[in-house]
Amino acid sequence: MAASLRVLRRRIRSTKNIAQITKAMEMVAASRIVKAQARVHAARPYSDEFTHVLTTAAKAGASDHPLLVPREEPGRTGVLVVTSDRGLCGGYNANVLREAERLMRELNSAGKEPQLFVIGGKGTAYFRFRKRAVAGQWTGFSEVPDYPNATRAADTMTACFLAGSAETVQGESEDEQQGSGGGSGDGSGEGGEGGSSRSSSFVPPQEAEGLDGVDELHVVYTAFNSLASQRVTSSQIAPLELEEDDESSDGESDGSGSGDSQERQAEYEFEPEPEVLFDRLMPKYLRARVFAALLDAAASESAARQRAMKAATDNANDLVDNLTREANQARQAQITQEISEIVGGANALAE
C-alpha cells in the first residue's frame with residue numbers, strides 16, 4: 001500500500017511538471033500567432049493583387065510565355081509541400097502530408113510524374129523514411145520564415161519550370177554565356193515548351209543545377225483563415241490559370257461591380273514587349289506566392305500548436321485530479337488499515 005502511494009505521488013509530480021511545460025509552450029505559441037497573423041494580413045494583398053494583375057495582363061498580352069500557356073502533354077510536375085520543423089502541433093503535419101499524397105496520386109493517374117520539393121523537417125523525414133526522392137529540401141525556418149527563405153525555394157522551382165520536363169537545369173556559367181551571347185530579344189520563337197534559355201534575366205541557383213525540369217508547379221500548405229479555422233489547400237501556381245477571372249466577368253450583367261469589371265477589362269500597352277516583361281515578372285511572382293504560403297503555414301502552425309498544447313495542459317490537469325483522488329483513497333485505506341491493526345492489537349492485549 002505504501003509503495004503504491006509513493007508511485008502515485010511520483011506520477012502526480014511528473015504530470016504537474018509536464019503541465020507546466022505544455023502551458024509555457026501554449027503561451028509561446030499564442031504570442032507568435034499575433035505576429036504571424038499580422039504578417040499574413042500584410043503579405044496576402046500583395047500576393048493576390050500580383051496574381052490578379054498578371055492574369056489580367058496575360059489576357060491582354062496574348063503571349064505564349066510558359067508562365068501563361070499550359071504545355072502540351074506535361075510529363076513532370078513539381079509539388080512543394082510546406083510542413084513544420086518541429087512536432088507537438090496536433091494533426092497539422094499529418095493533414096498536409098495526406099493532402100500531398102492525394103495530389104500526387106491524382107497527378108500519377110493523369111500521367112504526370114510528381115517531383116517533390118519539401119519545406120520543413122517533418123516533411124523531409126516523412127519522405128526520407130518512405131525512401132521517396134526529394135529534389136529540394138529546406139529546413140530551419142518554418143515558424144518564422146523570411147523572404148530570402150522563400151526566394152531559395154522559389155528560384156529552384158523557377159529554374160526547374162523554365163527547363164521543362166524534357167531537360168535538366170543547366171549550370172550557372174552556361175546560362176550566363178547564353179544570356180550574354182543571345183541578348184534579350186532571342187527566344188520569342190519556338191520556346192512554347194519552355195527552356196532555360198527562354199529567360200535571359202533569370203540565373204538559376206547553384207542548388208538547382210542538374211535537377212530535372214518540370215512543366216507545372218503546385219504548392220500544398222495550410223491556409224490561415226482565423227485562429228479557429230485553418231484549411232489545408234493545394235493550388236497550381238504555374239502556369240497561371242487564366243480562367244479564374246472569367247467568373248468575375250460574368251458579374252457584368254448585374255448592376256453592381258461595374259467599376260471592378262472595367263478594371264479587369266482594361267487594355268494594356270506593354271513596354272517592354274510582353275515576353276520580356278513576363279520573363280522579368282515570373283521569378284518575382286513565384287517568390288511572392290511561395291512567401292505568402294510560408295506565412296500562412298507559419299501562422300497555421302502556431303495556431304495548431306497552441307490548440308495542441310492547451311489540450312495537453314487540460315489533459316494533464318485532469319490526470320493530476322484523478323491521480324490525486326486515487327492517492328487520497330489509497331491514503332485513507334492505509335489509515336483505516338493502521339487503525340484496525342491498532343484496535344486489533346489492543347483487544348488482544350486486553351484478553
# chains A, B, ... in the order shown; residues from 1 in each chain; ligands from 1
call {"tool": "residues_around", "arguments": {"residues": "Asn315 (chain A)", "least_positions_apart": "3", "cutoff": "12 Å", "atoms": "only C-alpha atoms", "output": "PyMOL selection string"}}
result
chain A and resi 15-16+18-19+22-23+308-312+318-322
call {"tool": "write_last_selection", "arguments": {"atoms": "all heavy atoms", "output": "short mmCIF file (atom, residue, chain, number, x, y, z; two decimals), in the first residue's frame"}}
result
data_model
loop_
_atom_site.label_atom_id
_atom_site.label_comp_id
_atom_site.auth_asym_id
_atom_site.auth_seq_id
_atom_site.Cartn_x
_atom_site.Cartn_y
_atom_site.Cartn_z
N THR A 15 3.48 14.65 -13.67
CA THR A 15 2.41 15.19 -14.51
C THR A 15 2.27 16.69 -14.33
O THR A 15 2.01 17.42 -15.30
CB THR A 15 1.08 14.49 -14.17
OG1 THR A 15 1.23 13.07 -14.27
CG2 THR A 15 -0.01 14.93 -15.12
N LYS A 16 2.46 17.20 -13.11
CA LYS A 16 2.43 18.65 -12.91
C LYS A 16 3.56 19.33 -13.65
O LYS A 16 3.39 20.42 -14.22
CB LYS A 16 2.51 18.95 -11.42
CG LYS A 16 1.23 18.67 -10.64
CD LYS A 16 1.37 19.06 -9.19
CE LYS A 16 0.06 18.85 -8.43
NZ LYS A 16 0.19 19.20 -6.99
N ILE A 18 4.94 18.27 -16.44
CA ILE A 18 4.56 18.26 -17.86
C ILE A 18 3.54 19.34 -18.15
O ILE A 18 3.60 20.03 -19.19
CB ILE A 18 4.02 16.87 -18.25
CG1 ILE A 18 5.14 15.82 -18.18
CG2 ILE A 18 3.41 16.89 -19.64
CD1 ILE A 18 4.66 14.40 -18.41
N ALA A 19 2.57 19.53 -17.23
CA ALA A 19 1.56 20.57 -17.43
C ALA A 19 2.19 21.96 -17.46
O ALA A 19 1.76 22.83 -18.24
CB ALA A 19 0.51 20.48 -16.33
N THR A 22 3.85 22.28 -21.02
CA THR A 22 2.87 22.48 -22.08
C THR A 22 2.18 23.84 -21.97
O THR A 22 1.85 24.46 -22.98
CB THR A 22 1.83 21.36 -22.06
OG1 THR A 22 1.23 21.29 -20.75
CG2 THR A 22 2.47 20.02 -22.38
N LYS A 23 1.97 24.31 -20.75
CA LYS A 23 1.39 25.65 -20.57
C LYS A 23 2.32 26.72 -21.10
O LYS A 23 1.89 27.68 -21.75
CB LYS A 23 1.09 25.88 -19.08
CG LYS A 23 0.41 27.21 -18.78
CD LYS A 23 -0.97 27.28 -19.44
CE LYS A 23 -1.67 28.57 -19.07
NZ LYS A 23 -3.02 28.66 -19.72
N ALA A 308 -2.99 22.33 -29.57
CA ALA A 308 -2.48 21.05 -29.09
C ALA A 308 -1.93 21.17 -27.67
O ALA A 308 -2.16 20.30 -26.82
CB ALA A 308 -1.39 20.54 -30.04
N MET A 309 -1.21 22.25 -27.37
CA MET A 309 -0.65 22.41 -26.04
C MET A 309 -1.73 22.73 -25.01
O MET A 309 -1.62 22.34 -23.84
CB MET A 309 0.41 23.52 -26.05
CG MET A 309 1.67 23.17 -26.85
SD MET A 309 2.52 21.69 -26.21
CE MET A 309 1.92 20.42 -27.32
N LYS A 310 -2.76 23.44 -25.42
CA LYS A 310 -3.86 23.68 -24.49
C LYS A 310 -4.57 22.37 -24.16
O LYS A 310 -4.92 22.12 -22.99
CB LYS A 310 -4.86 24.68 -25.09
CG LYS A 310 -5.98 25.07 -24.14
CD LYS A 310 -6.92 26.07 -24.77
CE LYS A 310 -7.95 26.55 -23.75
NZ LYS A 310 -8.69 25.47 -23.09
N ALA A 311 -4.79 21.54 -25.16
CA ALA A 311 -5.40 20.23 -24.91
C ALA A 311 -4.51 19.37 -24.02
O ALA A 311 -5.00 18.67 -23.12
CB ALA A 311 -5.68 19.52 -26.23
N ALA A 312 -3.18 19.43 -24.25
CA ALA A 312 -2.26 18.65 -23.42
C ALA A 312 -2.27 19.15 -21.98
O ALA A 312 -2.23 18.35 -21.03
CB ALA A 312 -0.85 18.73 -23.99
N ASP A 318 -6.40 17.21 -15.72
CA ASP A 318 -7.40 16.18 -15.41
C ASP A 318 -6.73 14.93 -14.84
O ASP A 318 -7.25 14.31 -13.90
CB ASP A 318 -8.18 15.81 -16.68
CG ASP A 318 -9.06 16.95 -17.17
OD1 ASP A 318 -9.35 17.86 -16.36
OD2 ASP A 318 -9.45 16.94 -18.35
N LEU A 319 -5.57 14.57 -15.40
CA LEU A 319 -4.86 13.40 -14.89
C LEU A 319 -4.36 13.63 -13.46
O LEU A 319 -4.40 12.72 -12.62
CB LEU A 319 -3.68 13.07 -15.82
CG LEU A 319 -2.87 11.82 -15.48
CD1 LEU A 319 -3.76 10.58 -15.45
CD2 LEU A 319 -1.74 11.63 -16.49
N VAL A 320 -3.92 14.85 -13.17
CA VAL A 320 -3.49 15.18 -11.81
C VAL A 320 -4.66 15.04 -10.84
O VAL A 320 -4.51 14.50 -9.73
CB VAL A 320 -2.89 16.60 -11.76
CG1 VAL A 320 -2.72 17.06 -10.31
CG2 VAL A 320 -1.56 16.64 -12.48
N ASP A 321 -5.84 15.51 -11.23
CA ASP A 321 -7.02 15.38 -10.37
C ASP A 321 -7.35 13.91 -10.12
O ASP A 321 -7.65 13.52 -8.97
CB ASP A 321 -8.21 16.09 -11.02
CG ASP A 321 -8.01 17.60 -11.09
OD1 ASP A 321 -7.18 18.12 -10.32
OD2 ASP A 321 -8.68 18.25 -11.93
N ASN A 322 -7.31 13.11 -11.16
CA ASN A 322 -7.61 11.68 -10.98
C ASN A 322 -6.58 10.98 -10.10
O ASN A 322 -6.93 10.17 -9.23
CB ASN A 322 -7.69 10.99 -12.35
CG ASN A 322 -8.85 11.49 -13.19
OD1 ASN A 322 -9.87 11.95 -12.65
ND2 ASN A 322 -8.72 11.41 -14.51
#
call {"tool": "residues_around", "arguments": {"residues": "Arg231 (chain A)", "least_positions_apart": "2", "cutoff": "10 Å", "atoms": "only C-alpha atoms", "output": "ChimeraX atom specification"}}
result
/A:92,95-96,221-226,229,233-234,297,300
call {"tool": "closest_residue", "arguments": {"among": "A:Asp155, A:Glu301, A:Glu269, A:Glu241", "to": "Phe117 (chain A)", "atoms": "only C-alpha atoms"}}
result
A:Asp155
call {"tool": "closest_residue", "arguments": {"among": "A:Ala166, A:Met27, A:Ala133, A:Met157", "to": "His218 (chain A)", "atoms": "only C-alpha atoms"}}
result
A:Met157
call {"tool": "residues_around", "arguments": {"residues": "region 135-150 of chain A", "least_positions_apart": "4", "cutoff": "6 Å", "atoms": "only C-alpha atoms", "output": "VMD selection string"}}
result
chain A and resid 84 to 85 116 to 121 154 290 to 291 298
call {"tool": "closest_residue", "arguments": {"among": "A:Arg105, A:Lys122, A:Arg289, A:Lys284", "to": "Asn93 (chain A)", "atoms": "only C-alpha atoms"}}
result
A:Lys122
call {"tool": "closest_residue", "arguments": {"among": "A:Glu26, A:Ala110, A:Gly164, A:Asp279", "to": "Arg307 (chain A)", "atoms": "only C-alpha atoms"}}
result
A:Glu26
call {"tool": "closest_residue", "arguments": {"among": "A:Ala29, A:Ala57, A:Asp212, A:Val7", "to": "Val134 (chain A)", "atoms": "only C-alpha atoms"}}
result
A:Asp212
call {"tool": "residues_around", "arguments": {"residues": "Phe161 (chain A)", "least_positions_apart": "3", "cutoff": "7 Å", "atoms": "only C-alpha atoms", "output": "list in words"}}
result
Met157, Thr158, Gly164, Gly213, Val214, Asp215 and Glu216 of chain A
call {"tool": "closest_residue", "arguments": {"among": "A:Thr168, A:Thr55, A:Gln334, A:Gln206", "to": "Val69 (chain A)", "atoms": "only C-alpha atoms"}}
result
A:Thr55
call {"tool": "select_by_dssp", "arguments": {"residues": "region 34-192 of chain A", "states": "helix (DSSP H, G or I)", "output": "ChimeraX atom specification"}}
result
/A:34-61,92-109,121-129,147-163,172-182
call {"tool": "write_last_selection", "arguments": {"atoms": "C-alpha atoms", "output": "PDB file, in the first residue's frame"}}
result
ATOM      1  CA  VAL A  34      -0.271  37.630 -33.181  1.00  0.00           C
ATOM      2  CA  LYS A  35       2.881  38.472 -35.144  1.00  0.00           C
ATOM      3  CA  ALA A  36       2.312  35.701 -37.682  1.00  0.00           C
ATOM      4  CA  GLN A  37      -1.277  36.786 -38.255  1.00  0.00           C
ATOM      5  CA  ALA A  38      -0.162  40.379 -38.838  1.00  0.00           C
ATOM      6  CA  ARG A  39       2.423  39.213 -41.384  1.00  0.00           C
ATOM      7  CA  VAL A  40      -0.195  37.131 -43.203  1.00  0.00           C
ATOM      8  CA  HIS A  41      -2.610  40.040 -43.459  1.00  0.00           C
ATOM      9  CA  ALA A  42       0.188  42.335 -44.626  1.00  0.00           C
ATOM     10  CA  ALA A  43       1.507  40.000 -47.343  1.00  0.00           C
ATOM     11  CA  ARG A  44      -1.714  38.499 -48.691  1.00  0.00           C
ATOM     12  CA  PRO A  45      -2.998  41.624 -50.550  1.00  0.00           C
ATOM     13  CA  TYR A  46       0.312  41.941 -52.419  1.00  0.00           C
ATOM     14  CA  SER A  47       0.291  38.294 -53.499  1.00  0.00           C
ATOM     15  CA  ASP A  48      -3.377  38.375 -54.528  1.00  0.00           C
ATOM     16  CA  GLU A  49      -3.033  41.625 -56.461  1.00  0.00           C
ATOM     17  CA  PHE A  50       0.192  40.431 -58.122  1.00  0.00           C
ATOM     18  CA  THR A  51      -1.647  37.331 -59.350  1.00  0.00           C
ATOM     19  CA  HIS A  52      -4.634  39.397 -60.493  1.00  0.00           C
ATOM     20  CA  VAL A  53      -2.510  41.892 -62.429  1.00  0.00           C
ATOM     21  CA  LEU A  54      -0.526  39.133 -64.134  1.00  0.00           C
ATOM     22  CA  THR A  55      -3.706  37.266 -65.039  1.00  0.00           C
ATOM     23  CA  THR A  56      -5.337  40.388 -66.473  1.00  0.00           C
ATOM     24  CA  ALA A  57      -2.205  41.426 -68.347  1.00  0.00           C
ATOM     25  CA  ALA A  58      -1.825  37.896 -69.728  1.00  0.00           C
ATOM     26  CA  LYS A  59      -5.282  38.074 -71.284  1.00  0.00           C
ATOM     27  CA  ALA A  60      -4.479  41.427 -72.845  1.00  0.00           C
ATOM     28  CA  GLY A  61      -0.984  40.448 -73.996  1.00  0.00           C
ATOM     29  CA  TYR A  92      -1.001  19.865 -38.664  1.00  0.00           C
ATOM     30  CA  ASN A  93       1.694  17.893 -40.495  1.00  0.00           C
ATOM     31  CA  ALA A  94      -0.440  14.785 -40.938  1.00  0.00           C
ATOM     32  CA  ASN A  95      -3.133  16.793 -42.739  1.00  0.00           C
ATOM     33  CA  VAL A  96      -0.618  18.467 -45.064  1.00  0.00           C
ATOM     34  CA  LEU A  97       1.085  15.171 -45.925  1.00  0.00           C
ATOM     35  CA  ARG A  98      -2.270  13.488 -46.504  1.00  0.00           C
ATOM     36  CA  GLU A  99      -3.228  16.216 -48.983  1.00  0.00           C
ATOM     37  CA  ALA A 100       0.174  15.921 -50.675  1.00  0.00           C
ATOM     38  CA  GLU A 101      -0.280  12.172 -51.093  1.00  0.00           C
ATOM     39  CA  ARG A 102      -3.755  12.739 -52.544  1.00  0.00           C
ATOM     40  CA  LEU A 103      -2.400  15.301 -55.019  1.00  0.00           C
ATOM     41  CA  MET A 104       0.433  13.002 -56.099  1.00  0.00           C
ATOM     42  CA  ARG A 105      -1.984  10.122 -56.659  1.00  0.00           C
ATOM     43  CA  GLU A 106      -4.111  12.433 -58.780  1.00  0.00           C
ATOM     44  CA  LEU A 107      -1.080  13.528 -60.806  1.00  0.00           C
ATOM     45  CA  ASN A 108       0.035   9.922 -61.309  1.00  0.00           C
ATOM     46  CA  SER A 109      -3.417   8.955 -62.533  1.00  0.00           C
ATOM     47  CA  GLY A 121      11.909  18.861 -41.117  1.00  0.00           C
ATOM     48  CA  LYS A 122       8.773  16.780 -40.575  1.00  0.00           C
ATOM     49  CA  GLY A 123       8.006  16.510 -44.279  1.00  0.00           C
ATOM     50  CA  THR A 124      11.647  15.740 -45.077  1.00  0.00           C
ATOM     51  CA  ALA A 125      11.722  12.934 -42.506  1.00  0.00           C
ATOM     52  CA  TYR A 126       8.389  11.585 -43.753  1.00  0.00           C
ATOM     53  CA  PHE A 127       9.536  11.175 -47.354  1.00  0.00           C
ATOM     54  CA  ARG A 128      13.026  10.005 -46.386  1.00  0.00           C
ATOM     55  CA  PHE A 129      11.545   7.246 -44.215  1.00  0.00           C
ATOM     56  CA  TYR A 147      11.669  36.427 -47.794  1.00  0.00           C
ATOM     57  CA  PRO A 148      15.195  35.066 -48.526  1.00  0.00           C
ATOM     58  CA  ASN A 149      13.982  31.637 -47.385  1.00  0.00           C
ATOM     59  CA  ALA A 150      11.117  31.795 -49.865  1.00  0.00           C
ATOM     60  CA  THR A 151      13.498  33.047 -52.561  1.00  0.00           C
ATOM     61  CA  ARG A 152      15.721  29.950 -52.254  1.00  0.00           C
ATOM     62  CA  ALA A 153      12.820  27.566 -52.745  1.00  0.00           C
ATOM     63  CA  ALA A 154      11.057  29.664 -55.397  1.00  0.00           C
ATOM     64  CA  ASP A 155      14.193  30.195 -57.514  1.00  0.00           C
ATOM     65  CA  THR A 156      14.949  26.472 -57.518  1.00  0.00           C
ATOM     66  CA  MET A 157      11.410  25.702 -58.664  1.00  0.00           C
ATOM     67  CA  THR A 158      11.541  28.514 -61.238  1.00  0.00           C
ATOM     68  CA  ALA A 159      14.717  27.051 -62.743  1.00  0.00           C
ATOM     69  CA  CYS A 160      13.074  23.620 -63.000  1.00  0.00           C
ATOM     70  CA  PHE A 161       9.940  25.131 -64.537  1.00  0.00           C
ATOM     71  CA  LEU A 162      11.861  27.092 -67.165  1.00  0.00           C
ATOM     72  CA  ALA A 163      13.873  23.996 -68.117  1.00  0.00           C
ATOM     73  CA  GLU A 172      25.026  28.998 -63.976  1.00  0.00           C
ATOM     74  CA  SER A 173      28.083  29.672 -66.113  1.00  0.00           C
ATOM     75  CA  GLU A 174      26.452  28.107 -69.151  1.00  0.00           C
ATOM     76  CA  ASP A 175      23.326  30.190 -68.693  1.00  0.00           C
ATOM     77  CA  GLU A 176      25.352  33.373 -68.368  1.00  0.00           C
ATOM     78  CA  GLN A 177      27.181  32.603 -71.617  1.00  0.00           C
ATOM     79  CA  GLN A 178      23.884  32.094 -73.412  1.00  0.00           C
ATOM     80  CA  GLY A 179      22.443  35.301 -71.947  1.00  0.00           C
ATOM     81  CA  SER A 180      25.429  37.444 -72.930  1.00  0.00           C
ATOM     82  CA  GLY A 181      25.614  35.994 -76.428  1.00  0.00           C
ATOM     83  CA  GLY A 182      21.956  35.865 -77.381  1.00  0.00           C
TER      84      GLY A 182
END
call {"tool": "residues_around", "arguments": {"residues": "Arg6 (chain A)", "least_positions_apart": "6", "cutoff": "12 Å", "atoms": "only C-alpha atoms", "output": "count of residues only"}}
result
9
call {"tool": "select_by_dssp", "arguments": {"residues": "region 100-187 of chain A", "states": "strand (DSSP E or B)", "output": "number ranges by chain"}}
result
A: 113-119, 134-138, 168
